[in-house]
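File shown: protein-v2.txt. Contents: compact mmCIF, C-alpha atoms.
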# COMPACT_ATOMS: atom_id res chain seq x y z
CA MET B 148 174.24 146.89 123.50
CA SER B 149 175.82 147.08 120.05
CA CYS B 150 173.75 147.08 116.88
CA SER B 151 174.88 143.57 115.94
CA CYS B 152 174.06 142.25 119.42
CA SER B 153 170.65 143.89 119.28
CA HIS B 154 170.01 142.29 115.93
CA ARG B 155 170.96 138.85 117.22
CA PHE B 156 168.81 139.36 120.31
CA LEU B 157 165.76 140.32 118.23
CA SER B 158 166.31 137.46 115.79
CA VAL B 159 165.98 135.04 118.70
CA LEU B 160 163.27 136.86 120.65
CA LEU B 161 160.87 137.76 117.84
CA PRO B 162 160.19 134.22 116.60
CA ALA B 163 159.58 133.05 120.16
CA LEU B 164 157.14 135.87 120.85
CA ILE B 165 155.29 135.40 117.57
CA LEU B 166 154.91 131.66 118.02
CA ALA B 167 153.78 132.14 121.61
CA ALA B 168 151.07 134.51 120.38
CA PHE B 169 150.18 132.36 117.38
CA PHE B 170 146.59 131.79 118.44
CA ALA B 171 145.95 134.75 120.77
CA ALA B 172 146.76 136.80 123.82
CA VAL B 173 143.32 137.47 125.31
CA PRO B 174 142.05 135.05 127.98
CA LEU B 175 138.68 134.04 126.53
CA LEU B 176 137.16 130.59 126.64
CA ALA B 177 138.15 128.12 123.96
CA LYS B 178 135.51 127.30 121.39
CA THR B 179 135.32 124.37 119.00
CA VAL B 180 132.85 124.41 116.11
CA VAL B 181 132.29 121.75 113.46
CA ASP B 182 130.57 122.48 110.16
CA PHE B 183 129.91 120.00 107.36
CA ASN B 184 127.89 119.33 104.24
CA PRO B 185 124.93 117.16 105.33
CA ASP B 186 124.40 115.92 101.78
CA VAL B 187 127.83 114.31 101.48
CA ASP B 188 128.16 110.52 101.64
CA PHE B 189 131.09 110.29 104.03
CA SER B 190 131.30 106.52 103.67
CA LYS B 191 132.88 106.95 100.23
CA TYR B 192 136.02 108.51 101.69
CA LYS B 193 138.79 105.94 102.07
CA THR B 194 141.99 107.92 101.55
CA PHE B 195 143.30 111.38 102.35
CA ALA B 196 146.35 113.53 101.73
CA TYR B 197 147.73 116.39 103.75
CA ILE B 198 148.53 119.48 101.67
CA GLY B 199 149.63 121.81 104.46
CA GLY B 200 148.50 125.23 105.46
CA VAL B 201 149.05 128.95 105.40
CA GLU B 202 152.51 129.80 106.69
CA ASN B 203 152.50 133.54 105.97
CA LEU B 204 150.33 134.12 109.04
CA LEU B 205 153.46 133.93 111.16
CA MET B 206 154.86 136.88 109.23
CA PHE B 207 158.30 135.82 110.44
CA GLN B 208 160.04 132.50 110.05
CA ALA B 209 159.14 131.34 113.57
CA ASN B 210 159.52 127.67 112.80
CA PRO B 211 156.35 127.54 110.66
CA GLY B 212 156.73 123.78 110.28
CA LEU B 213 156.03 123.26 113.98
CA VAL B 214 152.32 124.09 113.72
CA SER B 215 151.91 122.29 110.41
CA ASP B 216 153.60 119.14 111.68
CA ARG B 217 151.44 119.04 114.79
CA ILE B 218 148.24 119.52 112.84
CA HIS B 219 149.31 116.87 110.34
CA GLU B 220 150.01 114.41 113.12
CA ALA B 221 146.73 115.12 114.92
CA VAL B 222 144.49 114.88 111.85
CA THR B 223 146.27 111.78 110.55
CA ARG B 224 145.81 110.12 113.92
CA GLU B 225 142.09 110.88 114.04
CA LEU B 226 141.29 109.94 110.44
CA THR B 227 143.27 106.73 110.76
CA LYS B 228 141.07 105.83 113.73
CA LYS B 229 138.11 106.18 111.39
CA GLY B 230 139.59 103.72 108.91
CA LEU B 231 140.93 106.21 106.37
CA ARG B 232 144.42 105.82 104.94
CA GLU B 233 146.91 108.58 104.20
CA VAL B 234 148.42 108.71 100.71
CA PRO B 235 150.65 111.25 98.93
CA PRO B 236 148.76 114.13 97.26
CA ASN B 237 149.68 112.83 93.80
CA GLN B 238 147.97 109.47 94.37
CA HIS B 239 144.41 110.70 93.87
CA PRO B 240 143.18 110.85 97.49
CA ASP B 241 139.46 111.07 98.21
CA LEU B 242 140.06 113.99 100.58
CA VAL B 243 142.74 116.60 100.98
CA ILE B 244 143.42 118.14 104.36
CA ARG B 245 144.20 121.83 104.53
CA PHE B 246 144.59 124.17 107.48
CA TRP B 247 144.72 127.90 107.88
CA ALA B 248 145.34 129.77 111.07
CA ASN B 249 145.25 133.31 112.35
CA PRO B 250 146.81 134.95 115.37
CA SER B 251 144.61 137.29 117.41
CA SER B 252 142.73 138.86 114.53
CA GLN B 253 139.58 138.11 112.63
CA VAL B 254 139.54 135.10 110.31
CA ASN B 255 140.26 136.82 107.04
CA ILE B 256 140.24 135.53 103.50
CA ALA B 257 143.13 137.89 102.67
CA THR B 258 145.45 135.72 104.76
CA MET B 259 144.59 132.48 103.04
CA GLY B 260 146.70 132.89 99.96
CA VAL B 261 145.95 131.04 96.73
CA TRP B 262 144.66 127.48 97.04
CA VAL B 263 143.74 126.57 93.47
CA PRO B 264 141.78 124.44 92.74
CA TYR B 265 140.21 124.61 96.21
CA ALA B 266 138.19 127.66 97.22
CA PRO B 267 138.24 129.28 100.69
CA PHE B 268 134.60 128.18 101.29
CA ILE B 269 133.35 131.26 103.12
CA GLY B 270 130.19 131.75 101.10
CA SER B 271 127.00 129.82 100.37
CA TYR B 272 125.93 127.54 103.23
CA TRP B 273 129.36 127.81 104.83
CA GLU B 274 128.94 131.55 105.35
CA HIS B 275 126.73 131.47 108.46
CA THR B 276 129.16 129.49 110.61
CA TYR B 277 132.17 131.31 109.17
CA ASP B 278 130.69 134.68 110.12
CA GLU B 279 129.90 133.53 113.65
CA VAL B 280 133.35 132.08 114.22
CA SER B 281 135.25 134.97 112.67
CA THR B 282 133.49 137.33 115.06
CA SER B 283 134.23 135.27 118.16
CA SER B 284 137.85 134.76 117.12
CA ALA B 285 138.56 138.47 116.64
CA LYS B 286 140.25 138.68 120.05
CA GLU B 287 141.66 135.18 120.09
CA GLY B 288 143.37 133.00 117.54
CA SER B 289 141.72 130.60 115.13
CA LEU B 290 142.69 127.32 113.58
CA VAL B 291 140.58 126.04 110.70
CA ILE B 292 140.99 122.49 109.40
CA ASP B 293 139.32 121.67 106.07
CA LEU B 294 138.52 118.24 104.64
CA ILE B 295 137.95 118.81 100.94
CA ASP B 296 136.46 116.40 98.41
CA THR B 297 138.98 116.11 95.58
CA THR B 298 136.39 114.99 93.03
CA SER B 299 133.83 117.75 93.54
CA LYS B 300 136.46 120.29 94.69
CA ASP B 301 133.98 121.14 97.45
CA LEU B 302 134.35 121.31 101.20
CA ALA B 303 132.99 118.28 103.05
CA TRP B 304 133.86 118.95 106.70
CA ARG B 305 135.44 121.81 108.60
CA LEU B 306 136.73 122.29 112.14
CA TYR B 307 137.10 125.70 113.75
CA LEU B 308 139.21 125.85 116.89
CA ILE B 309 139.24 129.17 118.73
CA HIS B 310 141.97 128.97 121.32
CA LYS B 311 144.46 130.88 123.38
CA VAL B 312 148.01 129.63 123.30
CA THR B 313 150.46 131.56 125.43
CA THR B 314 152.92 128.69 125.85
CA PRO B 315 152.74 126.60 122.64
CA ASP B 316 154.37 123.44 124.00
CA LYS B 317 152.04 123.41 127.00
CA GLU B 318 148.85 124.72 125.43
CA TRP B 319 149.09 122.55 122.32
CA LYS B 320 148.06 119.58 124.46
CA LYS B 321 144.71 121.28 125.12
CA ALA B 322 144.24 122.11 121.46
CA ASP B 323 145.16 118.55 120.50
CA GLU B 324 142.54 117.19 122.91
CA GLU B 325 139.92 119.46 121.36
CA ILE B 326 140.82 118.22 117.89
CA THR B 327 140.35 114.65 119.11
CA LYS B 328 136.99 115.53 120.61
CA ALA B 329 135.84 117.26 117.42
CA PHE B 330 136.72 114.25 115.27
CA GLU B 331 134.51 112.06 117.45
CA SER B 332 131.64 113.37 115.33
CA PHE B 333 133.34 112.42 112.07
CA PRO B 334 131.63 111.17 110.06
CA PRO B 335 128.43 112.94 111.15
CA SER B 336 125.67 110.72 112.52
CA PRO B 337 122.19 110.64 110.90
CA LYS B 338 120.93 112.79 113.77
CA GLU B 339 123.70 115.33 113.24
CA ARG B 340 123.03 115.38 109.50
CA ASP B 341 119.33 116.06 110.06
CA ALA B 342 120.17 118.85 112.50
CA LYS B 343 122.60 120.40 110.02
CA LYS B 344 120.00 120.29 107.24
CA LYS B 345 117.55 122.15 109.47
CA ASP B 346 120.24 124.66 110.38
CA ARG B 347 121.04 125.32 106.73
CA THR B 348 117.36 125.72 105.93
CA ALA B 349 117.10 128.29 108.71
CA HIS B 350 120.23 130.10 107.47
CA PRO B 351 120.20 130.02 103.66
CA PRO B 352 122.99 131.76 101.73
CA LYS B 353 122.60 135.52 101.77
CA SER B 354 122.87 135.58 98.00
CA ALA B 355 119.94 133.14 97.64

Re-express the file's structure as structure tokens.
Amino acid sequence: MSCSCSHRFLSVLLPALILAAFFAAVPLLAKTVVDFNPDVDFSKYKTFAYIGGVENLLMFQANPGLVSDRIHEAVTRELTKKGLREVPPNQHPDLVIRFWANPSSQVNIATMGVWVPYAPFIGSYWEHTYDEVSTSSAKEGSLVIDLIDTTSKDLAWRLYLIHKVTTPDKEWKKADEEITKAFESFPPSPKERDAKKKDRTAHPPKSA
């Protein structure tokens, strides 16, 4: 095989392999975890805007828009069911939607890039769940979807999806179903809010 042919072969094969391994390559059970701020009044949220996600996790240009478009579609569908309306980011939405995803490696702040004015939210009361999920996702892939309050610049609700995707077109259906299931608890019920308050009391920030 000539050098040029090898180059063309790799240019086609590498993106396919990277996208196929986007979430993971180890057959562990999928795990979905929801975290949220129990002190937030979720009824005040009427609009949202999608601001995208971290594309450098793919490391190669393996159609990075594919994952982003699917997440955008899924989250828009679920929030619309809840009565929220999507608006452009420059029209002062109540929430912004951000995602970040890792292939089969630990959830790592170094991969998030710069998201000014929104922090990564891996400390304070968010730290306990983040640490648990980042450990369990070390051998699988992780998708994190953030719903951020644009007024307070604070995280309101977060979804962690730990999943194996070996065939993206086929496995995305499972991931999409898990996103739908997770959003069934949005906004959190009074019972869920009370449970989260107790959980945060039991696991205060390490710096406190």

Just the residues within 12 Å of Ser332 (chain B), please, counting all atoms listed in the file, with nothing from its chain fewer than 4 positions along; format it as a list in words.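 Residues meeting the cut-off are Val180, Val181, Asp182, Phe183, Phe189, Glu225, Leu226, Lys229, Trp304, Arg305, Leu306, Glu325, Ile326, Thr327, Lys328, Ser336, Pro337, Lys338, Glu339 and Arg340 of chain B.
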
Atom-to-atom span, CA of Tyr265 (chain B) and CA of Ala322 (chain B), Å: 25.7 Å

Have a look at CA of Asn237 (chain B) and CA of Ile198 (chain B) and let me know their distance in Å, one decimal.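 CA of Ile198 (chain B) lies 10.4 Å from CA of Asn237 (chain B).
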
Given the choices B:Asp346, B:Trp247, B:Lys300, B:Pro264, which gets closest to Thr276 (chain B) if the distance is worked out from only C-alpha atoms?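 Going through B:Asp346, B:Trp247, B:Lys300, B:Pro264 one by one, the smallest distance to Thr276 (chain B) is for B:Asp346.
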
What's around Trp273 (chain B) at 9 Å? Count all atoms listed in the file, leave out sequence neighbours fewer than 5 positions away in its own chain, and write the answer as a ChimeraX atom specification. /B:182-184,268,278,302,347,352

Taking 5 positions as the minimum chain separation for residues in the same chain, which residues sit within 8 Å of Tyr307 (chain B) when counting all atoms listed in the file? Answer as a compact mmCIF listing (two decimals) with C-alpha atoms, keeping the file's coordinate frame.
# COMPACT_ATOMS: atom_id res chain seq x y z
CA LYS B 178 135.51 127.30 121.39
CA THR B 179 135.32 124.37 119.00
CA VAL B 180 132.85 124.41 116.11
CA VAL B 181 132.29 121.75 113.46
CA VAL B 280 133.35 132.08 114.22
CA SER B 289 141.72 130.60 115.13
CA LEU B 290 142.69 127.32 113.58
CA VAL B 291 140.58 126.04 110.70
CA ILE B 292 140.99 122.49 109.40

Counting all atoms listed in the file, closest pick from B:Asp293, B:Gly199, B:Glu279, B:Phe330 relative to Thr227 (chain B) is B:Phe330

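The smallest atom-to-atom distance between Ser299 (chain B) and any of B:Ala349, B:Val243, B:Asp323, B:Lys193, using all atoms listed in the file, is found for B:Val243.
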